[in-house]
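Dumped upload-v3.tsv below, it's TSV, C-alpha atoms:
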```
chain	number	residue	atom	x	y	z
A	1	MET	CA	5.51	53.43	24.27
A	2	SER	CA	7.76	54.53	27.14
A	3	SER	CA	9.51	51.13	27.06
A	4	LEU	CA	10.27	51.51	23.36
A	5	GLN	CA	11.60	55.02	23.89
A	6	LYS	CA	13.83	53.76	26.71
A	7	GLU	CA	15.17	51.02	24.42
A	8	ILE	CA	15.94	53.63	21.77
A	9	VAL	CA	18.00	55.58	24.30
A	10	SER	CA	19.71	52.49	25.71
A	11	ASN	CA	21.00	51.59	22.25
A	12	ALA	CA	22.70	54.95	21.70
A	13	ASN	CA	26.06	53.25	21.19
A	14	PHE	CA	24.84	50.63	18.73
A	15	PHE	CA	25.90	52.84	15.84
A	16	ASN	CA	29.29	54.48	15.48
A	17	ARG	CA	29.62	58.26	15.43
A	18	ASP	CA	29.87	58.32	11.63
A	19	ASP	CA	27.01	55.87	10.99
A	20	VAL	CA	24.07	57.46	9.18
A	21	MET	CA	20.70	55.68	9.29
A	22	ASP	CA	19.01	55.86	5.89
A	23	SER	CA	16.07	53.52	6.53
A	24	ILE	CA	13.41	53.37	9.24
A	25	TYR	CA	10.82	50.60	9.07
A	26	PHE	CA	7.58	50.33	11.05
A	27	GLY	CA	6.44	46.73	10.74
A	28	GLY	CA	6.48	43.26	12.17
A	29	GLY	CA	2.84	43.35	13.23
A	30	THR	CA	0.24	46.08	13.07
A	31	PRO	CA	1.91	49.47	13.54
A	32	SER	CA	-1.37	51.07	12.46
A	33	VAL	CA	-2.59	50.62	16.07
A	34	LEU	CA	-0.31	53.55	16.91
A	35	SER	CA	-1.83	57.02	16.94
A	36	LYS	CA	-0.31	59.99	15.16
A	37	ASN	CA	1.06	61.30	18.46
A	38	GLU	CA	2.61	57.93	19.35
A	39	LEU	CA	4.29	57.65	15.97
A	40	SER	CA	5.52	61.21	16.28
A	41	SER	CA	7.05	60.43	19.69
A	42	ILE	CA	8.89	57.40	18.30
A	43	LEU	CA	10.24	59.33	15.33
A	44	ASN	CA	11.33	62.21	17.54
A	45	ALA	CA	13.18	59.79	19.83
A	46	LEU	CA	14.95	58.23	16.85
A	47	TYR	CA	15.96	61.61	15.41
A	48	ASN	CA	17.17	62.78	18.82
A	49	GLN	CA	19.25	59.66	19.44
A	50	TYR	CA	20.69	58.73	16.05
A	51	THR	CA	21.99	60.41	12.90
A	52	ILE	CA	19.21	60.06	10.33
A	53	ALA	CA	19.79	60.87	6.65
A	54	THR	CA	17.76	63.81	5.36
A	55	ASN	CA	16.39	61.59	2.58
A	56	ALA	CA	15.88	58.50	4.76
A	57	GLU	CA	13.42	55.90	3.54
A	58	ILE	CA	10.67	55.68	6.18
A	59	THR	CA	8.42	52.69	5.51
A	60	PHE	CA	5.10	51.85	7.15
A	61	GLU	CA	3.80	48.29	6.89
A	62	CYS	CA	0.02	47.89	6.81
A	63	ASN	CA	-2.97	45.91	5.64
A	64	PRO	CA	-5.56	47.43	3.28
A	65	ASP	CA	-8.23	47.51	5.98
A	66	ASP	CA	-5.93	49.30	8.46
A	67	LEU	CA	-5.92	52.66	6.73
A	68	SER	CA	-8.25	55.61	6.34
A	69	LEU	CA	-7.71	58.76	4.30
A	70	SER	CA	-7.06	60.80	7.45
A	71	TYR	CA	-4.58	58.25	8.86
A	72	LEU	CA	-2.69	58.18	5.56
A	73	ALA	CA	-2.53	61.98	5.63
A	74	ASP	CA	-1.18	61.80	9.20
A	75	LEU	CA	1.54	59.36	8.11
A	76	LYS	CA	2.53	61.63	5.25
A	77	SER	CA	2.69	64.67	7.55
A	78	LEU	CA	5.00	62.78	9.93
A	79	GLY	CA	7.52	62.09	7.19
A	80	VAL	CA	6.58	58.51	6.32
A	81	ASN	CA	7.39	58.29	2.61
A	82	ARG	CA	6.90	54.62	1.73
A	83	LEU	CA	4.02	52.19	2.26
A	84	SER	CA	4.23	48.40	2.27
A	85	ILE	CA	0.69	47.06	1.81
A	86	GLY	CA	-0.15	43.38	2.39
A	87	VAL	CA	-2.59	42.89	-0.49
A	88	GLN	CA	-1.70	39.17	-1.02
A	89	SER	CA	-4.32	38.71	-3.77
A	90	PHE	CA	-6.97	40.53	-5.79
A	91	LYS	CA	-9.19	37.44	-5.75
A	92	ASP	CA	-11.69	37.48	-2.89
A	93	ASP	CA	-12.02	33.69	-2.70
A	94	HIS	CA	-8.27	33.35	-2.19
A	95	LEU	CA	-8.25	36.12	0.40
A	96	LYS	CA	-10.98	34.29	2.28
A	97	TRP	CA	-9.00	31.03	2.01
A	98	MET	CA	-5.98	32.82	3.54
A	99	ASN	CA	-8.23	34.15	6.34
A	100	ARG	CA	-7.48	37.76	5.42
A	101	SER	CA	-9.77	40.39	6.89
A	102	HIS	CA	-9.83	42.60	3.76
A	103	ASP	CA	-11.25	42.11	0.27
A	104	SER	CA	-9.98	43.21	-3.13
A	105	ALA	CA	-12.13	46.35	-3.15
A	106	GLN	CA	-10.47	47.53	0.07
A	107	SER	CA	-7.05	46.92	-1.45
A	108	LEU	CA	-7.81	49.02	-4.50
A	109	LYS	CA	-9.37	51.78	-2.41
A	110	CYS	CA	-6.40	51.84	-0.01
A	111	ILE	CA	-3.89	52.21	-2.86
A	112	ASP	CA	-5.98	54.92	-4.50
A	113	MET	CA	-6.19	56.86	-1.21
A	114	ALA	CA	-2.46	56.52	-0.62
A	115	ALA	CA	-1.71	57.97	-4.05
A	116	SER	CA	-4.25	60.76	-3.52
A	117	VAL	CA	-2.45	62.05	-0.40
A	118	GLY	CA	0.89	62.05	-2.18
A	119	PHE	CA	2.55	58.66	-1.60
A	120	THR	CA	4.69	57.81	-4.63
A	121	ASP	CA	6.69	54.95	-3.06
A	122	ILE	CA	4.23	52.10	-2.60
A	123	THR	CA	5.00	48.38	-2.53
A	124	LEU	CA	2.52	45.51	-2.49
A	125	ASP	CA	2.87	41.95	-1.21
A	126	LEU	CA	1.39	39.12	-3.28
A	127	ILE	CA	1.32	35.36	-2.65
A	128	TYR	CA	1.44	32.64	-5.32
A	129	GLY	CA	1.44	28.85	-5.27
A	130	ILE	CA	-1.93	28.85	-3.49
A	131	PRO	CA	-3.80	25.55	-4.11
A	132	GLY	CA	-6.52	26.26	-6.64
A	133	LEU	CA	-4.86	29.42	-8.00
A	134	GLY	CA	-5.04	29.00	-11.77
A	135	LEU	CA	-2.34	30.32	-14.07
A	136	GLN	CA	-4.69	32.79	-15.76
A	137	GLU	CA	-5.88	34.07	-12.38
A	138	TRP	CA	-2.28	34.60	-11.32
A	139	GLN	CA	-1.47	36.42	-14.56
A	140	GLU	CA	-4.45	38.70	-14.03
A	141	THR	CA	-3.37	39.37	-10.43
A	142	VAL	CA	0.16	40.39	-11.43
A	143	GLU	CA	-1.01	42.51	-14.36
A	144	ARG	CA	-3.61	44.20	-12.16
A	145	ALA	CA	-0.97	45.05	-9.59
A	146	LEU	CA	1.36	46.59	-12.16
A	147	GLU	CA	-1.43	48.82	-13.47
A	148	LEU	CA	-1.71	50.49	-10.05
A	149	PRO	CA	0.28	53.56	-8.87
A	150	ILE	CA	3.03	51.48	-7.27
A	151	ASN	CA	6.77	51.27	-7.92
A	152	HIS	CA	7.66	48.05	-6.09
A	153	LEU	CA	6.28	44.55	-5.68
A	154	SER	CA	7.16	41.65	-3.37
A	155	ALA	CA	5.81	38.21	-4.26
A	156	TYR	CA	6.25	35.07	-2.18
A	157	GLY	CA	5.49	31.44	-2.83
A	158	LEU	CA	3.16	29.87	-0.28
A	159	THR	CA	5.06	27.55	2.04
A	160	LEU	CA	4.15	25.16	4.82
A	161	GLU	CA	5.63	26.29	8.11
A	162	PRO	CA	5.76	23.99	11.15
A	163	ASN	CA	3.23	24.56	13.95
A	164	THR	CA	1.01	26.87	11.91
A	165	PRO	CA	-2.79	26.63	11.38
A	166	TYR	CA	-2.15	25.90	7.68
A	167	GLN	CA	0.17	22.98	8.51
A	168	ARG	CA	-2.38	21.54	10.93
A	169	LEU	CA	-5.17	21.81	8.34
A	170	VAL	CA	-3.00	20.04	5.77
A	171	ASP	CA	-2.21	17.30	8.29
A	172	GLN	CA	-5.94	16.92	8.89
A	173	LYS	CA	-6.52	16.56	5.11
A	174	LYS	CA	-8.74	19.66	5.17
A	175	TYR	CA	-6.38	21.76	3.00
A	176	GLN	CA	-4.05	20.83	0.17
A	177	SER	CA	-0.35	21.53	0.46
A	178	PRO	CA	1.24	23.79	-2.17
A	179	LYS	CA	2.59	21.92	-5.20
A	180	ASP	CA	6.15	22.66	-6.28
A	181	GLU	CA	5.30	22.52	-9.99
A	182	ASN	CA	2.51	25.11	-9.59
A	183	THR	CA	4.75	27.37	-7.52
A	184	SER	CA	7.51	27.16	-10.15
A	185	THR	CA	5.09	27.91	-13.00
A	186	HIS	CA	3.65	30.88	-11.13
A	187	PHE	CA	7.15	32.20	-10.44
A	188	GLU	CA	8.24	31.87	-14.07
A	189	THR	CA	5.05	33.60	-15.22
A	190	LEU	CA	5.59	36.42	-12.74
A	191	VAL	CA	9.17	36.97	-13.93
A	192	ALA	CA	8.08	37.00	-17.60
A	193	ILE	CA	5.41	39.63	-16.93
A	194	ILE	CA	7.80	41.73	-14.85
A	195	HIS	CA	10.37	41.77	-17.66
A	196	SER	CA	7.72	42.54	-20.28
A	197	LYS	CA	6.72	45.64	-18.31
A	198	GLY	CA	10.33	46.86	-18.06
A	199	TRP	CA	10.58	46.33	-14.30
A	200	GLU	CA	13.69	45.02	-12.55
A	201	HIS	CA	13.87	41.64	-10.86
A	202	TYR	CA	16.50	42.54	-8.29
A	203	GLU	CA	15.99	39.83	-5.65
A	204	VAL	CA	14.27	36.44	-5.74
A	205	SER	CA	11.00	37.81	-4.36
A	206	ASN	CA	11.36	41.54	-5.11
A	207	PHE	CA	10.67	43.60	-8.20
A	208	CYS	CA	10.65	47.32	-8.92
A	209	LYS	CA	10.49	50.06	-11.49
A	210	THR	CA	14.03	50.97	-12.55
A	211	GLY	CA	16.17	51.81	-9.53
A	212	ASN	CA	13.34	51.80	-6.98
A	213	TYR	CA	14.98	49.24	-4.70
A	214	SER	CA	13.85	48.93	-1.09
A	215	ARG	CA	16.71	50.35	0.95
A	216	HIS	CA	15.44	48.50	4.02
A	217	ASN	CA	15.40	45.05	2.40
A	218	THR	CA	18.59	45.65	0.44
A	219	ALA	CA	20.42	46.33	3.71
A	220	TYR	CA	19.59	42.77	4.81
A	221	TRP	CA	20.83	41.22	1.58
A	222	GLN	CA	24.05	43.23	1.65
A	223	ASN	CA	24.77	42.34	5.29
A	224	LYS	CA	24.64	45.95	6.49
A	225	LYS	CA	24.29	46.83	10.16
A	226	TYR	CA	20.72	47.34	11.40
A	227	LEU	CA	18.98	47.89	14.72
A	228	GLY	CA	15.61	46.37	15.59
A	229	LEU	CA	13.52	47.83	18.41
A	230	GLY	CA	10.54	46.41	20.27
A	231	PRO	CA	9.40	42.85	21.14
A	232	SER	CA	10.70	40.16	18.74
A	233	ALA	CA	12.90	42.67	16.88
A	234	HIS	CA	16.22	41.49	15.41
A	235	SER	CA	19.49	43.40	15.06
A	236	PHE	CA	22.76	42.79	13.24
A	237	THR	CA	26.20	44.34	13.69
A	238	GLY	CA	28.11	42.48	10.99
A	239	THR	CA	29.57	39.94	13.40
A	240	GLU	CA	26.76	39.58	15.96
A	241	ARG	CA	23.03	38.87	15.77
A	242	ARG	CA	20.56	39.90	18.46
A	243	TRP	CA	16.92	39.05	18.97
A	244	ASN	CA	14.59	40.66	21.49
A	245	VAL	CA	12.22	38.73	23.73
A	246	SER	CA	8.87	38.18	22.06
A	247	ASN	CA	6.63	38.44	25.12
A	248	ASN	CA	5.32	41.98	25.58
A	249	ALA	CA	5.06	41.78	29.37
A	250	GLU	CA	8.58	40.38	29.68
A	251	TYR	CA	9.91	43.06	27.34
A	252	ILE	CA	8.32	45.85	29.41
A	253	SER	CA	9.48	44.43	32.74
A	254	LYS	CA	13.07	44.00	31.56
A	255	ILE	CA	13.17	47.52	30.17
A	256	ALA	CA	11.82	48.87	33.47
A	257	ALA	CA	14.52	46.94	35.38
A	258	GLY	CA	17.27	48.23	33.08
A	259	GLU	CA	18.03	44.71	31.85
A	260	HIS	CA	18.95	43.57	28.34
A	261	VAL	CA	15.88	42.53	26.39
A	262	PHE	CA	17.88	40.55	23.85
A	263	GLU	CA	19.86	37.37	23.43
A	264	SER	CA	22.76	37.29	20.99
A	265	GLU	CA	25.22	35.13	19.12
A	266	PHE	CA	28.53	35.95	17.47
A	267	LEU	CA	28.97	34.69	13.93
A	268	SER	CA	31.95	32.54	13.06
A	269	VAL	CA	33.88	33.00	9.83
A	270	GLU	CA	31.99	30.14	8.20
A	271	ASP	CA	28.68	31.62	9.36
A	272	ARG	CA	29.54	34.94	7.70
A	273	VAL	CA	30.64	33.22	4.48
A	274	ASN	CA	27.42	31.22	4.36
A	275	GLU	CA	25.24	34.25	5.02
A	276	TYR	CA	27.04	36.26	2.34
A	277	LEU	CA	26.37	33.46	-0.13
A	278	LEU	CA	22.78	32.87	0.95
A	279	THR	CA	21.79	36.54	0.77
A	280	GLY	CA	24.01	37.68	-2.10
A	281	LEU	CA	22.98	34.96	-4.53
A	282	ARG	CA	19.34	35.96	-4.07
A	283	THR	CA	20.05	39.35	-5.66
A	284	LYS	CA	20.77	40.59	-9.18
A	285	TRP	CA	24.23	41.67	-7.98
A	286	GLY	CA	25.27	38.18	-6.88
A	287	VAL	CA	28.51	37.60	-4.96
A	288	ASN	CA	32.04	38.79	-5.64
A	289	LEU	CA	34.42	35.84	-5.95
A	290	ALA	CA	37.55	37.85	-5.17
A	291	GLU	CA	35.94	39.22	-2.01
A	292	LEU	CA	34.99	35.73	-0.88
A	293	ASN	CA	38.57	34.59	-1.34
A	294	SER	CA	40.37	37.61	0.14
A	295	ASN	CA	38.02	38.28	3.07
A	296	TYR	CA	37.13	34.72	4.00
A	297	GLY	CA	39.65	32.44	2.31
A	298	HIS	CA	36.86	30.74	0.36
A	299	PRO	CA	38.09	30.18	-3.25
A	300	ILE	CA	34.86	29.00	-4.88
A	301	HIS	CA	36.49	28.41	-8.28
A	302	THR	CA	38.90	25.91	-6.75
A	303	LEU	CA	36.57	24.25	-4.26
A	304	PHE	CA	33.51	23.94	-6.49
A	305	SER	CA	34.75	23.91	-10.10
A	306	THR	CA	32.69	20.82	-10.98
A	307	GLU	CA	29.47	22.24	-9.54
A	308	LEU	CA	29.98	25.62	-11.20
A	309	GLY	CA	30.55	24.00	-14.58
A	310	ASP	CA	27.41	21.88	-14.21
A	311	TRP	CA	25.27	24.87	-13.19
A	312	GLU	CA	26.56	26.95	-16.11
A	313	LYS	CA	25.59	24.17	-18.53
A	314	ARG	CA	22.12	24.03	-16.96
A	315	GLY	CA	21.78	27.80	-17.41
A	316	TRP	CA	21.44	28.45	-13.68
A	317	ILE	CA	24.46	30.72	-13.14
A	318	THR	CA	26.68	33.21	-14.93
A	319	ILE	CA	30.19	34.29	-13.96
A	320	SER	CA	31.27	37.62	-15.41
A	321	GLN	CA	33.95	40.08	-14.29
A	322	GLY	CA	34.40	38.19	-11.04
A	323	GLN	CA	30.70	38.22	-10.10
A	324	LEU	CA	28.71	35.03	-9.65
A	325	THR	CA	25.01	35.63	-10.30
A	326	LEU	CA	21.99	33.44	-10.80
A	327	THR	CA	19.88	33.48	-13.96
A	328	SER	CA	16.09	33.71	-13.85
A	329	SER	CA	16.01	29.90	-13.98
A	330	GLY	CA	18.70	29.63	-11.32
A	331	LEU	CA	16.76	31.81	-8.91
A	332	LEU	CA	14.31	28.93	-8.50
A	333	PHE	CA	17.20	27.02	-6.92
A	334	ALA	CA	18.85	29.91	-5.06
A	335	ASP	CA	18.83	28.31	-1.62
A	336	TYR	CA	20.03	24.96	-2.97
A	337	ILE	CA	22.92	26.53	-4.91
A	338	ALA	CA	23.96	28.66	-1.93
A	339	SER	CA	23.90	25.66	0.42
A	340	GLU	CA	26.08	23.65	-1.98
A	341	LEU	CA	28.67	26.46	-1.85
A	342	PHE	CA	28.61	26.83	1.93
A	343	LYS	CA	31.87	26.80	3.81
A	344	LEU	CA	31.89	23.95	6.31
A	345	LYS	CA	33.54	24.17	9.70
A	346	ASP	CA	36.07	21.45	8.89
A	347	GLU	CA	37.37	23.47	5.93
A	348	ILE	CA	38.76	26.22	8.19
```

Any chance you could give the structure as structure tokens?
Amino acid sequence: MSSLQKEIVSNANFFNRDDVMDSIYFGGGTPSVLSKNELSSILNALYNQYTIATNAEITFECNPDDLSLSYLADLKSLGVNRLSIGVQSFKDDHLKWMNRSHDSAQSLKCIDMAASVGFTDITLDLIYGIPGLGLQEWQETVERALELPINHLSAYGLTLEPNTPYQRLVDQKKYQSPKDENTSTHFETLVAIIHSKGWEHYEVSNFCKTGNYSRHNTAYWQNKKYLGLGPSAHSFTGTERRWNVSNNAEYISKIAAGEHVFESEFLSVEDRVNEYLLTGLRTKWGVNLAELNSNYGHPIHTLFSTELGDWEKRGWITISQGQLTLTSSGLLFADYIASELFKLKDEI
């Protein structure tokens, strides 16, 4: 705790005098291990050190089995106004397959308790593309989620990541790998249900009731400045990325010695172009072609006219009033399309 508070103070100059912080996010692990007093100390340190908006979004990430009614009430009393709950599925067999420690009943109880103490901004995480997850089961999962007192949903396709238990089990032929065709079908079904309920699909993996965008996540996609605190935390200034050491003991010892706990890299022009494309194309707002040309000298219309024409014929993209956006079908290929438009070093 004291190390984190010292890091908060040591980063006093990260923001400019006129910068106003409108999002605080407790996550990246299990923040529910913190007591009410510890959370209060962190929040007080943040408010003492930085300019925080009066209506700041303060999100707390948790699992359904982390929370009790009294703990939820404590969070509410401290000013936390948004919960991000890692439900993942409402099917107990899939939760067991994912080695989750909660069951569907705990998820439903947690959400009900959160609403009962006054939380109105609640987002759930769901996972699709799980081997053995039938289309009807997935439909039921999405529809069940949207019946709950939530205003935001994040849904992610299951992926194989290197050096993970899942990857090792697949290599050992004990688990199946996710199939692209199932993942695509699940995604298309999810989008259809979302639209039928009148929700917005505002980023590849994020959906909300009208206007209830996550300020925290949107800051990432719009390349806004953000400060990460604690082990493994990442920060971004617009031209520089930082990442803190991941080892807790090393983090504490460096803080105690007054040393930097982060490494950093400065982004080249092509890096910034590529990140703008990669993040912007994932959102409903897309990317501004004039901005790409004037700010970065990257005239997409000239450099990629053939590709753009092909993608328009396929129904993957639309270009309107100078904005390039992806269609629902195109979002399945968001990373591919962005990478095809990347600015290469030898073009500068």

A:Glu259, A:Ile85, A:Ile127, A:Ala45 ranked by distance to Val9 (chain A), top pick (using only C-alpha atoms) =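 Closest candidate: A:Ala45.
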
Could you check how far CA of Leu78 (chain A) sits from CA of Phe119 (chain A), in Å to one decimal?
->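 Atom-to-atom, CA of Leu78 (chain A) and CA of Phe119 (chain A) are spaced 12.5 Å apart.
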
Work out how far CA of Ala114 (chain A) is from CA of Leu72 (chain A), in Å to one decimal.
->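 CA of Ala114 (chain A) lies at a distance of 6.4 Å from CA of Leu72 (chain A).
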
Give the answer as one residue: which of A:Ser40, A:Gln106, A:Asn81, A:Asn274 has the shortest atom-to-atom distance to Ser68 (chain A), using only C-alpha atoms?
->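 Looking at the shortest contact to Ser68 (chain A), the residue is A:Gln106.
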
Counting only C-alpha atoms, figure out which residue out of A:Trp285, A:Phe26, A:Tyr156, A:Phe90 gets nearest to His102 (chain A).
->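 Selected residue with least distance to His102 (chain A): A:Phe90.
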
If you measure from CA of Phe14 (chain A) to CA of Glu275 (chain A), what distance in Å do you get, rounded to one decimal?
->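 Between these atoms lies a distance of 21.4 Å.
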
Between A:Gly238, A:Gly86, A:Pro131, A:Gly309, which one has atoms that come closest to Gly27 (chain A), using all atoms listed in the file?
-> A:Gly86

Exercise: Gly29 (chain A) partners within 10 Å, all atoms listed in the file, chain neighbours under 5 positions left out, as a ChimeraX atom specification | /A:61-63

Minimum-distance residue to Thr183 (chain A), chosen among A:Phe304, A:Phe333, A:Tyr128, A:Phe60 (using all atoms listed in the file) = A:Tyr128

In file coordinates, which residues lie within 12 Å of (1.1, 64.2, 4.2) using only C-alpha atoms, given as a count of residues only?
-> 23

Find, counting all atoms listed in the file, the residue in A:Pro149, A:Pro299, A:Gly132, A:Gly157 that gets nearest to Val204 (chain A).
->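 Comparing A:Pro149, A:Pro299, A:Gly132, A:Gly157 against Val204 (chain A), the winner is A:Gly157.
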
Write out as a PyMOL selection string which residues come within 12 Å of Glu181 (chain A) when counting only C-alpha atoms, dropping same-chain ones fewer than 2 positions away.
-> chain A and resi 128-131+135+157+177-179+183-188+332

Can you list, as a list of chain:residue names, every protein, DNA or RNA residue that comes within 7 Å of region 335-343 of chain A when you count all atoms listed in the file, leaving out same-chain residues fewer than 6 positions away?
->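 My list of contacting residues is A:Glu270, A:Val273, A:Asn274, A:Leu277, A:Leu278, A:Leu281.
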
Which polymer residues have any atom within 12 Å of an atom of Ser107 (chain A), counting all atoms listed in the file, with same-chain residues fewer than 6 positions away left out, as a count of residues only?
-> 27

Test item: residues at most 7 Å from region 241-250 of chain A, all atoms listed in the file, excluding those fewer than 5 positions along its chain, as a list of chain:residue names =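 Selected residues are A:Pro231, A:Ser232, A:Ala233, A:His234, A:Ser235, A:Phe236, A:Val261, A:Phe262, A:Glu263, A:Ser264, A:Glu265, A:Phe266.
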
List every residue of region 196-234 of chain A that has an atom at most 12 Å from any atom of region 311-326 of chain A, giving for each one its closest atom pair and the distance in Å to one decimal, counting all atoms listed in the file, sorted by chain and then by ascending residue number, as a Markdown table.
```
| residue | atom | partner | partner_atom | distance |
| --- | --- | --- | --- | --- |
| A:His201 | CA | A:Leu326 | CA | 11.5 |
| A:Tyr202 | CA | A:Leu326 | CA | 10.9 |
| A:Glu203 | CA | A:Leu326 | CA | 10.2 |
| A:Val204 | CA | A:Leu326 | CA | 9.7 |
```
